[in-house]
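Colleague: Next up is a structure, given as structure tokens.
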Amino acid sequence: MQKWECTLCGYVYEPEQGDPDNGVEPGTAWEDVPEDWLCPLCGATKDLFEPL
């Protein structure tokens, strides 16, 4: 699965791990992450992430 990096802080969203602390279950593809999800480190929106 494609990983995505926050262009502001460098956080990498890994679909295999998800972000369970913020409601995104492991195995969730980027396309299925809710549009209102925010980077857990800096609060950036999804549109500020780029594919790795």
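Ligands are numbered from 1 in the order shown, chains are lettered A, B, ... in the order of the structure tokens, and residues start at 1 in each chain.
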Give me the residues near Thr45 (chain A) as a PyMOL selection string, where near means some atom within 12 Å (using only C-alpha atoms) and where sequence neighbours in that chain fewer than 2 positions away do not count.
Modeller: chain A and resi 5-9+33-43+47-50
Colleague: Write out, as an mmCIF file, in the first residue's frame, the residues just selected, with N, CA, C and O atoms.
Modeller:
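Printed below is out37.cif as written:
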```
data_model
loop_
_atom_site.group_PDB
_atom_site.id
_atom_site.type_symbol
_atom_site.label_atom_id
_atom_site.label_comp_id
_atom_site.auth_asym_id
_atom_site.auth_seq_id
_atom_site.Cartn_x
_atom_site.Cartn_y
_atom_site.Cartn_z
ATOM 1 N N GLU A 5 3.275 11.218 3.035
ATOM 2 C CA GLU A 5 4.069 12.026 3.963
ATOM 3 C C GLU A 5 3.503 13.434 4.092
ATOM 4 O O GLU A 5 3.166 14.079 3.093
ATOM 5 N N CYS A 6 3.430 13.918 5.332
ATOM 6 C CA CYS A 6 3.003 15.293 5.599
ATOM 7 C C CYS A 6 4.118 16.231 5.140
ATOM 8 O O CYS A 6 5.272 16.086 5.552
ATOM 9 N N THR A 7 3.775 17.188 4.292
ATOM 10 C CA THR A 7 4.781 18.120 3.775
ATOM 11 C C THR A 7 5.174 19.171 4.815
ATOM 12 O O THR A 7 6.164 19.869 4.620
ATOM 13 N N LEU A 8 4.431 19.270 5.911
ATOM 14 C CA LEU A 8 4.778 20.249 6.939
ATOM 15 C C LEU A 8 5.731 19.689 7.993
ATOM 16 O O LEU A 8 6.694 20.346 8.376
ATOM 17 N N CYS A 9 5.469 18.449 8.447
ATOM 18 C CA CYS A 9 6.269 17.937 9.564
ATOM 19 C C CYS A 9 6.994 16.629 9.269
ATOM 20 O O CYS A 9 7.812 16.192 10.072
ATOM 21 N N VAL A 33 -9.257 7.212 4.183
ATOM 22 C CA VAL A 33 -9.083 8.017 5.397
ATOM 23 C C VAL A 33 -10.073 9.183 5.295
ATOM 24 O O VAL A 33 -10.168 9.832 4.248
ATOM 25 N N PRO A 34 -10.841 9.451 6.361
ATOM 26 C CA PRO A 34 -11.828 10.538 6.304
ATOM 27 C C PRO A 34 -11.210 11.875 5.902
ATOM 28 O O PRO A 34 -10.075 12.178 6.281
ATOM 29 N N GLU A 35 -11.944 12.669 5.146
ATOM 30 C CA GLU A 35 -11.450 13.965 4.676
ATOM 31 C C GLU A 35 -11.171 14.935 5.822
ATOM 32 O O GLU A 35 -10.356 15.839 5.674
ATOM 33 N N ASP A 36 -11.828 14.733 6.966
ATOM 34 C CA ASP A 36 -11.612 15.647 8.094
ATOM 35 C C ASP A 36 -10.493 15.173 9.032
ATOM 36 O O ASP A 36 -10.230 15.792 10.055
ATOM 37 N N TRP A 37 -9.811 14.072 8.666
ATOM 38 C CA TRP A 37 -8.682 13.583 9.460
ATOM 39 C C TRP A 37 -7.546 14.595 9.388
ATOM 40 O O TRP A 37 -7.328 15.241 8.369
ATOM 41 N N LEU A 38 -6.819 14.746 10.487
ATOM 42 C CA LEU A 38 -5.693 15.671 10.554
ATOM 43 C C LEU A 38 -4.421 14.930 10.941
ATOM 44 O O LEU A 38 -4.471 13.925 11.656
ATOM 45 N N CYS A 39 -3.290 15.431 10.485
ATOM 46 C CA CYS A 39 -1.998 14.863 10.847
ATOM 47 C C CYS A 39 -1.906 14.820 12.378
ATOM 48 O O CYS A 39 -2.119 15.841 13.040
ATOM 49 N N PRO A 40 -1.584 13.654 12.948
ATOM 50 C CA PRO A 40 -1.531 13.563 14.407
ATOM 51 C C PRO A 40 -0.379 14.326 15.042
ATOM 52 O O PRO A 40 -0.396 14.579 16.238
ATOM 53 N N LEU A 41 0.609 14.736 14.250
ATOM 54 C CA LEU A 41 1.739 15.480 14.817
ATOM 55 C C LEU A 41 1.562 16.990 14.734
ATOM 56 O O LEU A 41 1.875 17.702 15.679
ATOM 57 N N CYS A 42 1.085 17.477 13.582
ATOM 58 C CA CYS A 42 1.041 18.938 13.407
ATOM 59 C C CYS A 42 -0.345 19.487 13.067
ATOM 60 O O CYS A 42 -0.508 20.694 12.990
ATOM 61 N N GLY A 43 -1.324 18.612 12.822
ATOM 62 C CA GLY A 43 -2.675 19.085 12.539
ATOM 63 C C GLY A 43 -2.925 19.459 11.088
ATOM 64 O O GLY A 43 -3.961 20.037 10.770
ATOM 65 N N ASP A 47 -4.831 17.348 2.329
ATOM 66 C CA ASP A 47 -4.326 17.912 1.077
ATOM 67 C C ASP A 47 -2.868 18.358 1.178
ATOM 68 O O ASP A 47 -2.242 18.675 0.167
ATOM 69 N N LEU A 48 -2.309 18.342 2.389
ATOM 70 C CA LEU A 48 -0.898 18.709 2.572
ATOM 71 C C LEU A 48 0.008 17.486 2.637
ATOM 72 O O LEU A 48 1.184 17.603 2.997
ATOM 73 N N PHE A 49 -0.512 16.320 2.267
ATOM 74 C CA PHE A 49 0.264 15.092 2.217
ATOM 75 C C PHE A 49 0.598 14.759 0.769
ATOM 76 O O PHE A 49 -0.179 15.053 -0.142
ATOM 77 N N GLU A 50 1.763 14.158 0.575
ATOM 78 C CA GLU A 50 2.199 13.727 -0.751
ATOM 79 C C GLU A 50 2.573 12.260 -0.702
ATOM 80 O O GLU A 50 3.079 11.785 0.322
#
```
Colleague: Please identify which residues in region 7-50 of chain A DSSP calls helix (DSSP H, G or I) from the backbone, and express them as a PyMOL selection string.
Modeller: chain A and resi 20-22+30-32+46-48
Colleague: Report the residues of chain A whose backbone DSSP state falls under strand (DSSP E or B), written as an MDAnalysis selection string.
Modeller: chainID A and resid 4:6 12:13 19 24 38 45 49:51
Colleague: Restricted to N, CA, C and O atoms, what would the selected residues look like written as a tab-separated table (two decimals), in the first residue's frame?
Modeller:
```
chain	number	residue	atom	x	y	z
A	4	TRP	N	2.02	7.92	2.64
A	4	TRP	CA	1.86	9.35	2.39
A	4	TRP	C	2.57	10.14	3.46
A	4	TRP	O	2.50	9.82	4.63
A	5	GLU	N	3.28	11.22	3.03
A	5	GLU	CA	4.07	12.03	3.96
A	5	GLU	C	3.50	13.43	4.09
A	5	GLU	O	3.17	14.08	3.09
A	6	CYS	N	3.43	13.92	5.33
A	6	CYS	CA	3.00	15.29	5.60
A	6	CYS	C	4.12	16.23	5.14
A	6	CYS	O	5.27	16.09	5.55
A	12	VAL	N	4.68	10.22	8.42
A	12	VAL	CA	4.33	9.31	7.33
A	12	VAL	C	3.13	8.48	7.74
A	12	VAL	O	3.16	7.78	8.77
A	13	TYR	N	2.06	8.59	6.94
A	13	TYR	CA	0.88	7.74	7.14
A	13	TYR	C	1.14	6.41	6.46
A	13	TYR	O	1.40	6.36	5.26
A	19	ASP	N	-4.15	4.90	11.91
A	19	ASP	CA	-3.98	5.87	12.99
A	19	ASP	C	-5.11	5.62	13.99
A	19	ASP	O	-6.03	6.41	14.12
A	24	VAL	N	-8.68	5.86	12.70
A	24	VAL	CA	-8.38	5.24	11.41
A	24	VAL	C	-7.78	3.86	11.68
A	24	VAL	O	-6.66	3.75	12.17
A	38	LEU	N	-6.82	14.75	10.49
A	38	LEU	CA	-5.69	15.67	10.55
A	38	LEU	C	-4.42	14.93	10.94
A	38	LEU	O	-4.47	13.93	11.66
A	45	THR	N	-3.99	19.20	7.17
A	45	THR	CA	-5.08	18.53	6.50
A	45	THR	C	-4.55	17.54	5.46
A	45	THR	O	-3.38	17.60	5.07
A	49	PHE	N	-0.51	16.32	2.27
A	49	PHE	CA	0.26	15.09	2.22
A	49	PHE	C	0.60	14.76	0.77
A	49	PHE	O	-0.18	15.05	-0.14
A	50	GLU	N	1.76	14.16	0.58
A	50	GLU	CA	2.20	13.73	-0.75
A	50	GLU	C	2.57	12.26	-0.70
A	50	GLU	O	3.08	11.78	0.32
A	51	PRO	N	2.37	11.53	-1.80
A	51	PRO	CA	2.75	10.11	-1.81
A	51	PRO	C	4.27	9.93	-1.74
A	51	PRO	O	5.01	10.75	-2.27
```
Colleague: For Ala44 (chain A), which residue among A:Gly23, A:Glu31, A:Gly10, A:Met1 is the nearest when counting only C-alpha atoms?
Modeller: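 The closest residue to Ala44 (chain A) is A:Gly10.
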